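Colleague: Pasting structure-v4.cif here (mmCIF, C-alpha atoms):
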data_data
#
loop_
_atom_site.group_PDB
_atom_site.id
_atom_site.type_symbol
_atom_site.label_atom_id
_atom_site.label_comp_id
_atom_site.auth_asym_id
_atom_site.auth_seq_id
_atom_site.Cartn_x
_atom_site.Cartn_y
_atom_site.Cartn_z
ATOM 1 C CA THR A 1 35.050 -27.754 10.777
ATOM 2 C CA ASN A 2 36.955 -27.940 7.536
ATOM 3 C CA SER A 3 37.296 -31.492 6.455
ATOM 4 C CA PRO A 4 39.545 -32.408 3.572
ATOM 5 C CA PRO A 5 37.856 -33.564 0.394
ATOM 6 C CA ILE A 6 37.159 -37.236 0.158
ATOM 7 C CA ILE A 7 39.566 -38.879 -2.280
ATOM 8 C CA SER A 8 38.540 -42.119 -3.800
ATOM 9 C CA SER A 9 40.478 -44.190 -6.249
ATOM 10 C CA SER A 10 37.848 -46.822 -6.645
ATOM 11 C CA THR A 11 35.201 -46.583 -9.260
ATOM 12 C CA THR A 12 31.575 -47.040 -8.524
ATOM 13 C CA GLY A 13 29.023 -47.922 -11.092
ATOM 14 C CA HIS A 14 27.848 -44.270 -11.169
ATOM 15 C CA HIS A 15 30.874 -42.569 -12.736
ATOM 16 C CA PRO A 16 33.083 -43.593 -15.617
ATOM 17 C CA PRO A 17 36.604 -44.544 -14.579
ATOM 18 C CA SER A 18 39.108 -41.680 -14.643
ATOM 19 C CA ASP A 19 42.860 -41.528 -15.049
ATOM 20 C CA GLY A 20 43.591 -40.479 -11.477
ATOM 21 C CA PRO A 21 42.037 -40.228 -8.053
ATOM 22 C CA GLU A 22 38.576 -38.658 -7.975
ATOM 23 C CA ILE A 23 37.691 -35.810 -5.596
ATOM 24 C CA GLN A 24 34.181 -36.046 -4.199
ATOM 25 C CA GLN A 25 32.540 -33.177 -2.371
ATOM 26 C CA SER A 26 30.184 -33.615 0.507
ATOM 27 C CA PRO A 27 26.497 -32.958 -0.240
ATOM 28 C CA ARG A 28 26.608 -29.905 2.071
ATOM 29 C CA ARG A 29 29.487 -28.392 0.116
ATOM 30 C CA GLN A 30 27.719 -29.119 -3.185
ATOM 31 C CA LEU A 31 24.651 -27.275 -1.884
ATOM 32 C CA LEU A 32 26.783 -24.297 -0.868
ATOM 33 C CA PHE A 33 28.174 -24.087 -4.409
ATOM 34 C CA GLN A 34 24.645 -24.263 -5.833
ATOM 35 C CA ILE A 35 23.287 -21.282 -3.827
ATOM 36 C CA PRO A 36 25.248 -18.556 -5.682
ATOM 37 C CA LYS A 37 24.243 -20.102 -9.010
ATOM 38 C CA MET A 38 20.566 -20.098 -8.007
ATOM 39 C CA ALA A 39 20.800 -16.519 -6.731
ATOM 40 C CA ALA A 40 22.437 -15.353 -9.951
ATOM 41 C CA THR A 41 19.757 -17.092 -12.022
ATOM 42 C CA LEU A 42 16.982 -15.511 -9.971
ATOM 43 C CA ALA A 43 18.583 -12.050 -10.146
ATOM 44 C CA THR A 44 19.004 -12.319 -13.910
ATOM 45 C CA ALA A 45 15.411 -13.426 -14.379
ATOM 46 C CA THR A 46 14.145 -10.561 -12.216
ATOM 47 C CA ILE A 47 16.203 -7.962 -14.052
ATOM 48 C CA MET A 48 15.091 -9.230 -17.434
ATOM 49 C CA LEU A 49 11.375 -9.025 -16.612
ATOM 50 C CA PRO A 50 9.636 -5.975 -18.035
ATOM 51 C CA HIS A 51 9.054 -3.229 -15.452
ATOM 52 C CA GLY A 52 5.279 -3.583 -15.630
ATOM 53 C CA ALA A 53 5.465 -7.312 -14.923
ATOM 54 C CA CYS A 54 7.268 -6.698 -11.626
ATOM 55 C CA ASN A 55 4.787 -4.125 -10.402
ATOM 56 C CA ALA A 56 1.672 -5.464 -12.014
ATOM 57 C CA ALA A 57 -1.013 -5.797 -9.411
ATOM 58 C CA PRO A 58 -4.479 -6.772 -10.399
ATOM 59 C CA THR A 59 -6.853 -3.839 -10.156
ATOM 60 C CA SER A 60 -9.711 -6.173 -9.187
ATOM 61 C CA GLY A 61 -11.681 -5.423 -12.303
ATOM 62 C CA ILE A 62 -11.616 -1.642 -11.849
ATOM 63 C CA THR A 63 -11.715 0.027 -15.223
ATOM 64 C CA ALA A 64 -10.512 3.557 -15.817
ATOM 65 C CA ASP A 65 -14.109 4.666 -16.343
ATOM 66 C CA SER A 66 -15.352 3.145 -13.082
ATOM 67 C CA ALA A 67 -12.315 4.569 -11.260
ATOM 68 C CA LYS A 68 -13.104 8.028 -12.623
ATOM 69 C CA ASP A 69 -16.745 7.673 -11.497
ATOM 70 C CA GLN A 70 -15.659 6.474 -8.056
ATOM 71 C CA TRP A 71 -13.311 9.444 -7.686
ATOM 72 C CA LYS A 72 -16.071 11.908 -8.665
ATOM 73 C CA GLN A 73 -18.399 10.362 -6.081
ATOM 74 C CA ALA A 74 -15.661 10.367 -3.421
ATOM 75 C CA SER A 75 -14.822 13.994 -4.136
ATOM 76 C CA THR A 76 -18.484 14.956 -3.748
ATOM 77 C CA GLN A 77 -18.765 12.854 -0.580
ATOM 78 C CA LEU A 78 -15.740 14.686 0.835
ATOM 79 C CA ASP A 79 -17.441 18.053 0.285
ATOM 80 C CA ASP A 80 -20.635 16.716 1.901
ATOM 81 C CA LEU A 81 -18.692 15.386 4.897
ATOM 82 C CA LEU A 82 -17.172 18.787 5.585
ATOM 83 C CA GLN A 83 -20.417 20.638 4.959
ATOM 84 C CA ASN A 84 -22.269 18.420 7.454
ATOM 85 C CA TRP A 85 -19.451 18.088 9.993
ATOM 86 C CA SER A 86 -20.777 17.808 13.529
ATOM 87 C CA THR A 87 -18.004 17.836 16.102
ATOM 88 C CA GLU A 88 -20.330 18.295 19.066
ATOM 89 C CA LYS A 89 -22.731 15.552 18.012
ATOM 90 C CA TRP A 90 -19.988 13.039 17.186
ATOM 91 C CA ALA A 91 -18.029 13.873 20.342
ATOM 92 C CA ALA A 92 -21.117 13.265 22.482
ATOM 93 C CA GLU A 93 -21.847 9.883 20.877
ATOM 94 C CA VAL A 94 -20.108 6.741 22.018
ATOM 95 C CA GLY A 95 -17.978 5.757 19.022
ATOM 96 C CA GLY A 96 -18.780 9.009 17.238
ATOM 97 C CA GLY A 97 -15.424 8.908 15.458
ATOM 98 C CA ASP A 98 -16.631 5.794 13.665
ATOM 99 C CA THR A 99 -19.104 7.951 11.739
ATOM 100 C CA ILE A 100 -16.144 9.830 10.247
ATOM 101 C CA ARG A 101 -14.242 6.606 9.594
ATOM 102 C CA THR A 102 -17.225 5.106 7.775
ATOM 103 C CA LYS A 103 -17.507 8.174 5.554
ATOM 104 C CA LEU A 104 -13.750 8.019 4.849
ATOM 105 C CA GLY A 105 -14.083 4.388 3.753
ATOM 106 C CA THR A 106 -11.739 3.007 6.394
ATOM 107 C CA GLN A 107 -14.518 1.274 8.295
ATOM 108 C CA GLY A 108 -17.129 -0.621 6.342
ATOM 109 C CA ALA A 109 -17.572 -0.763 2.580
ATOM 110 C CA THR A 110 -20.368 1.751 1.961
ATOM 111 C CA SER A 111 -18.296 4.858 1.225
ATOM 112 C CA SER A 112 -17.033 5.933 -2.185
ATOM 113 C CA PHE A 113 -13.631 6.122 -0.502
ATOM 114 C CA PHE A 114 -13.642 2.374 0.116
ATOM 115 C CA GLN A 115 -10.648 1.012 -1.845
ATOM 116 C CA ILE A 116 -9.979 4.424 -3.378
ATOM 117 C CA GLU A 117 -6.301 3.510 -3.748
ATOM 118 C CA LYS A 118 -7.245 0.916 -6.369
ATOM 119 C CA ALA A 119 -9.198 3.573 -8.230
ATOM 120 C CA PHE A 120 -6.196 5.906 -8.058
ATOM 121 C CA LYS A 121 -3.944 3.205 -9.542
ATOM 122 C CA ALA A 122 -6.397 2.568 -12.372
ATOM 123 C CA LEU A 123 -6.643 6.300 -13.071
ATOM 124 C CA ARG A 124 -2.875 6.793 -12.909
ATOM 125 C CA ASP A 125 -2.368 4.242 -15.685
ATOM 126 C CA SER A 126 -5.264 5.505 -17.815
ATOM 127 C CA GLU A 127 -5.728 8.024 -20.583
ATOM 128 C CA TYR A 128 -7.514 10.285 -18.072
ATOM 129 C CA VAL A 129 -4.220 11.317 -16.450
ATOM 130 C CA ASP A 130 -1.384 12.947 -18.401
ATOM 131 C CA ASP A 131 1.361 12.966 -15.760
ATOM 132 C CA GLY A 132 1.222 9.657 -13.901
ATOM 133 C CA ILE A 133 4.161 10.489 -11.637
ATOM 134 C CA GLU A 134 2.715 13.775 -10.392
ATOM 135 C CA PHE A 135 -0.677 12.097 -10.008
ATOM 136 C CA GLN A 136 0.879 9.267 -7.963
ATOM 137 C CA GLU A 137 2.699 11.692 -5.675
ATOM 138 C CA THR A 138 -0.477 13.712 -5.142
ATOM 139 C CA THR A 139 -2.544 10.600 -4.390
ATOM 140 C CA GLU A 140 0.072 9.547 -1.814
ATOM 141 C CA GLU A 141 -0.269 12.958 -0.172
ATOM 142 C CA PHE A 142 -4.055 12.532 -0.234
ATOM 143 C CA MET A 143 -3.878 9.043 1.292
ATOM 144 C CA ASP A 144 -1.520 10.262 4.039
ATOM 145 C CA ALA A 145 -4.072 12.924 5.029
ATOM 146 C CA LEU A 146 -6.880 10.345 4.865
ATOM 147 C CA TYR A 147 -5.010 7.967 7.178
ATOM 148 C CA ARG A 148 -4.241 10.775 9.633
ATOM 149 C CA ALA A 149 -7.924 11.805 9.629
ATOM 150 C CA ASP A 150 -8.902 8.183 10.206
ATOM 151 C CA SER A 151 -6.408 7.743 13.045
ATOM 152 C CA LEU A 152 -7.573 10.895 14.797
ATOM 153 C CA ALA A 153 -11.239 9.927 14.392
ATOM 154 C CA SER A 154 -10.431 6.513 15.850
ATOM 155 C CA SER A 155 -8.583 8.151 18.747
ATOM 156 C CA SER A 156 -11.733 10.066 19.648
ATOM 157 C CA ASN A 157 -13.306 6.719 20.564
ATOM 158 C CA ASN A 158 -10.524 5.649 22.931
ATOM 159 C CA LYS A 159 -10.346 6.126 26.655
ATOM 160 C CA THR A 160 -6.827 5.206 27.626
ATOM 161 C CA GLY A 161 -4.597 5.718 30.597
ATOM 162 C CA SER A 162 -5.326 7.385 33.872
ATOM 163 C CA GLY A 163 -5.514 11.026 34.684
ATOM 164 C CA LYS A 164 -6.992 13.761 32.584
ATOM 165 C CA GLN A 165 -8.286 12.448 29.252
ATOM 166 C CA THR A 166 -8.185 14.388 26.001
ATOM 167 C CA PRO A 167 -11.814 15.102 25.122
ATOM 168 C CA PRO A 168 -13.121 13.357 21.947
ATOM 169 C CA ALA A 169 -13.968 16.755 20.435
ATOM 170 C CA VAL A 170 -10.243 17.590 20.255
ATOM 171 C CA PHE A 171 -9.514 14.514 18.128
ATOM 172 C CA ILE A 172 -12.585 15.089 15.971
ATOM 173 C CA GLU A 173 -11.523 18.667 15.259
ATOM 174 C CA GLN A 174 -8.007 17.504 14.399
ATOM 175 C CA SER A 175 -9.542 14.925 12.083
ATOM 176 C CA ARG A 176 -11.574 17.715 10.474
ATOM 177 C CA GLU A 177 -8.364 19.669 9.813
ATOM 178 C CA GLU A 178 -6.976 16.634 7.954
ATOM 179 C CA VAL A 179 -10.200 16.295 5.955
ATOM 180 C CA ILE A 180 -9.860 19.964 4.979
ATOM 181 C CA LYS A 181 -6.332 19.152 3.737
ATOM 182 C CA MET A 182 -7.809 16.229 1.810
ATOM 183 C CA GLN A 183 -10.293 18.585 0.179
ATOM 184 C CA GLY A 184 -7.467 20.874 -0.971
ATOM 185 C CA ILE A 185 -5.523 17.922 -2.392
ATOM 186 C CA ALA A 186 -8.715 16.632 -4.031
ATOM 187 C CA LYS A 187 -8.958 19.883 -5.966
ATOM 188 C CA LYS A 188 -5.434 19.271 -7.328
ATOM 189 C CA LEU A 189 -6.414 15.718 -8.264
ATOM 190 C CA ASN A 190 -9.598 16.910 -9.969
ATOM 191 C CA ALA A 191 -7.491 19.221 -12.113
ATOM 192 C CA MET A 192 -5.266 16.270 -13.130
ATOM 193 C CA VAL A 193 -8.103 13.955 -14.152
ATOM 194 C CA LYS A 194 -9.454 14.788 -17.624
#
Would you write the structure of this file as structure tokens?
Modeller:
Amino acid sequence: TNSPPIISSSTTGHHPPSDGPEIQQSPRRQLLFQIPKMAATLATATIMLPHGACNAAPTSGITADSAKDQWKQASTQLDDLLQNWSTEKWAAEVGGGDTIRTKLGTQGATSSFFQIEKAFKALRDSEYVDDGIEFQETTEEFMDALYRADSLASSSNNKTGSGKQTPPAVFIEQSREEVIKMQGIAKKLNAMVK
């Protein structure tokens, strides 16, 4: 409801006396007038911050050199994974897709791929990469393929629904196709890292 402003002609000890009647606003109305001011202040402060300050995320102590080493190890591990791929063995094992997920660094912390995104960010902002934008776009493509490979490997472990089940080997082979895509993208990334 709209209530008229409170008009007071008396003076309290809080305000100096004025020439005419004083209009007092309710605390709720005062708060409503403060919100746009606060929003404008926040927007101005955000706009005035340097770009790097807005997007700065700690790289958890990853240096460009350690990121480059991690990427070399991950690239080699990717080649080894494909060379030693064993669809039949992993499909026959209970949880065989977890072997792939462990090697991709999405399960456990033993793979060179574990936290590879942090290494990519450190490399992107380093002297090892000339075109940070192209590198970023290529790493996103790489990570998309990695997540698809991980999802398919995880699906090979699941028995869901009733009726005819998709055999685990189908998911493992689809995961392999994504890992092959990763290998192709890795070659592009290797060419970008000096």
Colleague: Provide the atom CA of A:Thr76 to atom CA of A:Phe113 distance in Å, to one decimal place.
Modeller: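 Computed distance, atom CA of A:Thr76 to atom CA of A:Phe113, equals 10.6 Å.
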Colleague: From the options A:Lys187, A:Lys194, A:Lys72, A:Arg148, which residue's atoms come nearest to A:Ile172, counting all atoms listed in the file?
Modeller: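 Using all atoms listed in the file, A:Ile172 sits closest to A:Arg148.
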Colleague: Tell me which protein, DNA and RNA residues are within 12 Å of A:Asp65, counting all atoms listed in the file, leaving out same-chain ones fewer than 5 positions away, and put them as a ChimeraX atom specification.
Modeller: /A:70-72,119-120,122-129,193-194
Colleague: Distance atom CA of A:Leu81-atom CA of A:Lys68, one decimal place?
Modeller: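 According to the coordinates, atom CA of A:Leu81 and atom CA of A:Lys68 are separated by 19.8 Å.
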Colleague: Atom CA of A:Ala92 and atom CA of A:Glu173, how far apart in Å?
Modeller: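 Computed distance, atom CA of A:Glu173 to atom CA of A:Ala92, equals 13.2 Å.
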Colleague: Identify the residues around (-3.4, 21.4, 5.3) within a radius of 12 Å, measuring from all atoms listed in the file in the coordinates stated by the file, and give them as an mmCIF file with C-alpha atoms, in the frame of the given file.
Modeller:
data_model
loop_
_atom_site.group_PDB
_atom_site.id
_atom_site.type_symbol
_atom_site.label_atom_id
_atom_site.label_comp_id
_atom_site.auth_asym_id
_atom_site.auth_seq_id
_atom_site.Cartn_x
_atom_site.Cartn_y
_atom_site.Cartn_z
ATOM 1 C CA GLU A 141 -0.269 12.958 -0.172
ATOM 2 C CA PHE A 142 -4.055 12.532 -0.234
ATOM 3 C CA ASP A 144 -1.520 10.262 4.039
ATOM 4 C CA ALA A 145 -4.072 12.924 5.029
ATOM 5 C CA LEU A 146 -6.880 10.345 4.865
ATOM 6 C CA ARG A 148 -4.241 10.775 9.633
ATOM 7 C CA ALA A 149 -7.924 11.805 9.629
ATOM 8 C CA GLN A 174 -8.007 17.504 14.399
ATOM 9 C CA SER A 175 -9.542 14.925 12.083
ATOM 10 C CA ARG A 176 -11.574 17.715 10.474
ATOM 11 C CA GLU A 177 -8.364 19.669 9.813
ATOM 12 C CA GLU A 178 -6.976 16.634 7.954
ATOM 13 C CA VAL A 179 -10.200 16.295 5.955
ATOM 14 C CA ILE A 180 -9.860 19.964 4.979
ATOM 15 C CA LYS A 181 -6.332 19.152 3.737
ATOM 16 C CA MET A 182 -7.809 16.229 1.810
ATOM 17 C CA GLN A 183 -10.293 18.585 0.179
ATOM 18 C CA GLY A 184 -7.467 20.874 -0.971
ATOM 19 C CA ILE A 185 -5.523 17.922 -2.392
ATOM 20 C CA ALA A 186 -8.715 16.632 -4.031
#
Colleague: Which polymer residues have any atom within 8 Å of an atom of A:Gln136, counting all atoms listed in the file, with same-chain residues fewer than 2 positions away left out, as a ChimeraX atom specification?
Modeller: /A:120-121,124,132-134,138-140
Colleague: Evaluate the PyMOL selection byres ((chain A and resi 112) around 7) here and jot the selected residues down as a VMD selection string.
Modeller: chain A and resid 70 73 to 74 105 110 to 111 113 to 114
Colleague: Between A:Phe171, A:Gln30, A:Trp85, A:Met143, single out the one closest to A:Ser155, counting only C-alpha atoms.
Modeller: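 Between A:Phe171, A:Gln30, A:Trp85, A:Met143, the residue approaching A:Ser155 most closely is A:Phe171.
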Colleague: Here is a test: counting only C-alpha atoms, which residue of A:Ala191, A:Ile116, A:Thr87, A:Ala109 is nearest to A:Pro167?
Modeller: A:Thr87
